[in-house]
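Have a look at the structure below, then the notes.
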Amino acid sequence: MEDIPEYATQEDFDALNAILEDANKIKAEADERRRRLNIDDESQCPNEDKHTVLPKGYVQRHRWARSMQSTHKQTKCPACGLWAIWVPKKGE
Ligand SMILES: [Zn+2]
């Protein structure tokens, strides 16, 4: 397993900022969908046990997401509309 330093590089922050911009758009979509479905918060998702569990920690989560992106893609949870489920990419 790769030894992950505790500090973040400028590259980490740049990539993280890009991800956060996307995340804000995705969150707005998910909020809208939850409003339509009458789900007040994520913890009420009936499908929550299918959500992918993310590592704790800001930098750790970002690094995890970046390495996951090469083998997995995010999909929307059909119940709550959050992009909370990672599935393996096929045919790549
Ligand atoms: Zn869900």
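Residues in the structure tokens are named by chain (A, B, ... in the order shown) and by number from 1 within that chain; ligands are numbered from 1 in the order shown.
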
Find the residues around segment 31-33 of chain A up to 8 Å (only C-alpha atoms counted), leave out those fewer than 3 positions away in its own chain, and share them as a ChimeraX atom specification. /A:27-28,36-37,80-81

12 Å contact set for Ile19 of chain A, only C-alpha atoms, chain neighbours under 3 positions out, as a count of residues only: 17

For a test of reading the model, state the distance in Å between atom CA of Met68 of chain A and atom CA of Trp83 of chain A, rounded to one decimal. 13.9 Å

What are the closest atom pairs, with distances in Å to one decimal, for all residues of chain A lying within 8 Å of ligand 1? Consider only C-alpha atoms and all ligand atoms, order rows by chain and residue number, and present the result as a tab-separated table.
residue	atom	partner	partner_atom_place_in_ligand_line	distance
A:Glu42	CA	ligand 1	1 (Zn)	6.9
A:Cys45	CA	ligand 1	1 (Zn)	4.7
A:Pro46	CA	ligand 1	1 (Zn)	6.6
A:Asn47	CA	ligand 1	1 (Zn)	4.8
A:Glu48	CA	ligand 1	1 (Zn)	4.9
A:Lys50	CA	ligand 1	1 (Zn)	7.3
A:His51	CA	ligand 1	1 (Zn)	6.2
A:Lys76	CA	ligand 1	1 (Zn)	7.8
A:Cys77	CA	ligand 1	1 (Zn)	4.6
A:Pro78	CA	ligand 1	1 (Zn)	6.6
A:Ala79	CA	ligand 1	1 (Zn)	4.9
A:Cys80	CA	ligand 1	1 (Zn)	4.1
A:Gly81	CA	ligand 1	1 (Zn)	6.3
A:Leu82	CA	ligand 1	1 (Zn)	6.0
A:Ala84	CA	ligand 1	1 (Zn)	6.7

Lys90 of chain A: which residues within 12 Å, counting only C-alpha atoms, same-chain residues fewer than 6 positions away excluded, as an MDAnalysis selection string? chainID A and resid 70:73

Can those selected residues be exported to a file as a PDB file, in the first residue's frame so that it contains C-alpha atoms?
ATOM      1  CA  SER A  70      -9.344   5.141 -13.052  1.00  0.00           C
ATOM      2  CA  THR A  71     -11.214   1.930 -12.294  1.00  0.00           C
ATOM      3  CA  HIS A  72     -14.661   3.013 -11.142  1.00  0.00           C
ATOM      4  CA  LYS A  73     -17.298   5.582 -11.976  1.00  0.00           C
TER       5      LYS A  73
END

Run DSSP on the backbone and tell me which residues of chain A come out as helix (DSSP H, G or I); list them as a PyMOL selection string. chain A and resi 10-37+42-44+48-50+58-68

Expected answer as a list in words: strand (DSSP E or B) residues in chain A: His72, Lys73, Gln74, Thr75, Ile85, Trp86, Val87 and Pro88 of chain A

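Going from atom CA of Thr75 of chain A over to atom CA of Ala8 of chain A, you cover 27.1 Å.
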
Of A:Gln74, A:Ser67, A:Gln60, A:Gln44, the one sitting nearest Pro88 of chain A when using only C-alpha atoms is A:Gln74

Could you jot down the atom CA of Val87 of chain A to atom CA of Arg34 of chain A separation for me, Å, one decimal place?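 About the pair atom CA of Val87 of chain A and atom CA of Arg34 of chain A: they are 22.0 Å apart.
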